[in-house]
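Q: Here it is: the structure, laid out below.
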Amino acid sequence: MIVVAGEALIDLVPQGAGALAALTPALGGGPFNTAVALGRLGSPTAFCSRVSRDAFGEALLERLRETGVDVAPVQRGDEPTTLAVATLGADGSAAYSFYVEGTADRLFGKPEALPAGTRAVSFGTCSLVLEPGASAYEALLREASARGVFTALDPNIRAGLIADADAYRARFRSWLPSVSLLKLSAEDAEWLGGSPREWLAAGPAAVVVTRGGDGLTAYTRDGAEYAVPGERVVVVDTIGAGDTVNAALLHGLSERDALSDEGVAALGAEGWERLLRFAARAAAVTCSRAGAEPPYAHELEAWKTA
């Protein structure tokens with residue numbers, strides 16, 4: 001079981017150009033997208049969050065159930081669902097503004113225990129910024145790591161939500177001793193400061209940096225560096241691409257029985273190349289269609305076994 005911990009929200013996606021373009025609601029949130037992608041790839045997955053009882057919340061949970069994700073760990077609340085308004089650039093890249101005051105997901109409380117059989121827990125995005133839930137997710141991260149559970153972190157920076165950038169950067173560094181796999185975009189890396197080697201020295205077994213169409217690079221504790229190019233695709237938008245990479249990395253590590261520091265260390269050049277190419281292809285499929293629509297296992301099967 002891979003547990004994904006973090007927010008589920010509604011993306012309002014513009015259907016044209018200009019500030020007053022019509023907006024279409026889409027199910028989203030970085031952790032939610034990661035859970036859906038893991039479910040579609042076939043990994044046993046559970047979602048750990050706090051979700052509204054409103055119509056949006058019901059739709060979010062229904063999508064998870066349809067994908068085979070266990071929603072038993074989900075807490076519920078009467079507060080509204082968080083909204084994220086997307087703005088799409090000419091290249092399909094997305095920027096967001098958020099409506100988060102008084103919403104259900106930020107009132108998450110740390111559960112007494114993770115689901116039985118949990119092998120890995122994934123964290124990231126808004127859930128690690130918005131209090132009081134951020135402190136509860138942070139406590140869950142530290143607790144899971146202390147118990148020997150593989151932990152993954154994608155900070156997925158949303159600068160508009162971060163009131164004190166320096167305080168958040170210090171908090172990010174404090175998480176690293178509890179992180180097994182750090183995945184982040186090149187833009188996030190620049191915003192956070194530091195380097196993969198500095199972050200590795202603080203704790204993670206591996207750091208994976210994504211560079212959009214330019215591909216992915218993995219850095220490991222032994223000083224190795226593995227890079228693959230991006231998969232060529234006609235980009236519709238990039239919503240959910242990074243979340244798909246998260247899921248593909250975790251799914252691939254699980255298939256290789258490598259959800260441990262030792263397992264990551266044993267991948268070697270061939271193992272990393274296959275894993276990164278799998279993640280690049282999965283992200284490319286997501287970018288080829290509107291919204292966060294990650295691929296199903298059968299869509300990648302022929303490529304994966306080639």
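Ligands are numbered from 1 in the order shown, chains are lettered A, B, ... in the order of the structure tokens, and residues start at 1 in each chain.
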Any idea what's packed within 8 Å of Pro80 (chain A), counting only C-alpha atoms, ignoring anything in its chain fewer than 5 positions away? Could you give it as number ranges by chain?
A: A: 52-54, 102-104
Q: Those residues with N, CA, C and O atoms, as a PDB file, in the first residue's frame please?
A:
ATOM      1  N   SER A  52     -14.223  18.012   2.037  1.00  0.00           N
ATOM      2  CA  SER A  52     -15.523  18.600   2.336  1.00  0.00           C
ATOM      3  C   SER A  52     -16.667  17.628   2.042  1.00  0.00           C
ATOM      4  O   SER A  52     -16.557  16.738   1.194  1.00  0.00           O
ATOM      5  N   ARG A  53     -17.764  17.860   2.741  1.00  0.00           N
ATOM      6  CA  ARG A  53     -18.987  17.101   2.457  1.00  0.00           C
ATOM      7  C   ARG A  53     -19.823  17.768   1.361  1.00  0.00           C
ATOM      8  O   ARG A  53     -20.920  17.291   1.051  1.00  0.00           O
ATOM      9  N   ASP A  54     -19.319  18.848   0.766  1.00  0.00           N
ATOM     10  CA  ASP A  54     -20.094  19.506  -0.284  1.00  0.00           C
ATOM     11  C   ASP A  54     -20.028  18.688  -1.579  1.00  0.00           C
ATOM     12  O   ASP A  54     -19.399  17.621  -1.644  1.00  0.00           O
ATOM     13  N   GLY A 102     -10.922  29.094   5.371  1.00  0.00           N
ATOM     14  CA  GLY A 102     -12.054  28.366   5.934  1.00  0.00           C
ATOM     15  C   GLY A 102     -12.432  27.109   5.194  1.00  0.00           C
ATOM     16  O   GLY A 102     -13.566  26.639   5.305  1.00  0.00           O
ATOM     17  N   THR A 103     -11.508  26.528   4.443  1.00  0.00           N
ATOM     18  CA  THR A 103     -11.821  25.328   3.665  1.00  0.00           C
ATOM     19  C   THR A 103     -11.500  24.059   4.453  1.00  0.00           C
ATOM     20  O   THR A 103     -10.743  24.069   5.422  1.00  0.00           O
ATOM     21  N   ALA A 104     -12.081  22.960   3.998  1.00  0.00           N
ATOM     22  CA  ALA A 104     -12.059  21.723   4.777  1.00  0.00           C
ATOM     23  C   ALA A 104     -10.665  21.114   4.883  1.00  0.00           C
ATOM     24  O   ALA A 104     -10.269  20.634   5.954  1.00  0.00           O
TER      25      ALA A 104
END
Q: I'd like a table as CSV: residues in region 175-239 of chain A with an atom no more than 9 Å from region 281-305 of chain A, each row giving the shortest atom pair and its distance in Å to one decimal, only C-alpha atoms counted, sorted by chain and rising residue number.
A:
residue,atom,partner,partner_atom,distance
A:Gly213,CA,A:Ala284,CA,8.4
A:Gly230,CA,A:Arg281,CA,7.6
A:Glu231,CA,A:Arg281,CA,5.8
A:Arg232,CA,A:Ala284,CA,7.3
A:Val233,CA,A:Ala284,CA,6.2
A:Val234,CA,A:Ser288,CA,5.8
A:Val235,CA,A:Ser288,CA,5.0
A:Val236,CA,A:Ser288,CA,5.2
A:Asp237,CA,A:Cys287,CA,5.3
A:Thr238,CA,A:Cys287,CA,4.9
A:Ile239,CA,A:Ala292,CA,5.2
Q: Would you return as a list in words the members of region 48-94 of chain A that DSSP assigns to helix (DSSP H, G or I) on this structure's backbone?
A: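 Those in region 48-94 of chain A that DSSP calls helix (DSSP H, G or I) are Ala55, Phe56, Gly57, Glu58, Ala59, Leu60, Leu61, Glu62, Arg63, Leu64, Arg65 and Glu66 of chain A.
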Q: Give me a file of those residues, with C-alpha atoms, as a PDB file, in the first residue's frame.
A:
ATOM      1  CA  ALA A  55     -20.791  18.432  -3.869  1.00  0.00           C
ATOM      2  CA  PHE A  56     -17.190  19.042  -4.925  1.00  0.00           C
ATOM      3  CA  GLY A  57     -15.948  16.881  -2.065  1.00  0.00           C
ATOM      4  CA  GLU A  58     -18.264  14.055  -3.071  1.00  0.00           C
ATOM      5  CA  ALA A  59     -17.028  14.268  -6.658  1.00  0.00           C
ATOM      6  CA  LEU A  60     -13.395  14.115  -5.495  1.00  0.00           C
ATOM      7  CA  LEU A  61     -14.018  10.990  -3.436  1.00  0.00           C
ATOM      8  CA  GLU A  62     -15.988   9.371  -6.247  1.00  0.00           C
ATOM      9  CA  ARG A  63     -13.056   9.814  -8.639  1.00  0.00           C
ATOM     10  CA  LEU A  64     -10.727   8.183  -6.112  1.00  0.00           C
ATOM     11  CA  ARG A  65     -13.091   5.254  -5.631  1.00  0.00           C
ATOM     12  CA  GLU A  66     -13.474   4.808  -9.397  1.00  0.00           C
TER      13      GLU A  66
END
Q: With the cut-off set at 10 Å and counting only C-alpha atoms, tabulate each residue of region 221-275 of chain A with an atom at most that distance from an atom of region 110-134 of chain A, showing the nearest atom pair and its distance in Å to one decimal, ordered by chain and increasing number, as a tab-separated table.
A:
residue	atom	partner	partner_atom	distance
A:Asp243	CA	A:Gly124	CA	9.7
A:Asn246	CA	A:Ser122	CA	8.4
A:Ala247	CA	A:Ser122	CA	9.0
A:Leu250	CA	A:Ala120	CA	8.2
A:Ser254	CA	A:Arg119	CA	8.6
A:Leu259	CA	A:Ala120	CA	6.9
A:Ser260	CA	A:Ala120	CA	8.7
Q: Here is a test: counting only C-alpha atoms, which residue of A:Ala218, A:Leu253, A:Ala163, A:Ala265 is nearest to Leu184 (chain A)?
A: A:Ala218
Q: Give the answer as one residue: which of A:Gly242, A:Gly6, A:Pro196, A:Gly271 has the shortest atom-to-atom distance to Ala136 (chain A), using only C-alpha atoms?
A: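 Closest to Ala136 (chain A) of all the choices is A:Gly6.
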Q: Point out the residue among A:Ser178, A:Leu192, A:Gly148, A:Ala279 with the least atom-to-atom distance to Gly215 (chain A), counting only C-alpha atoms.
A: A:Ala279
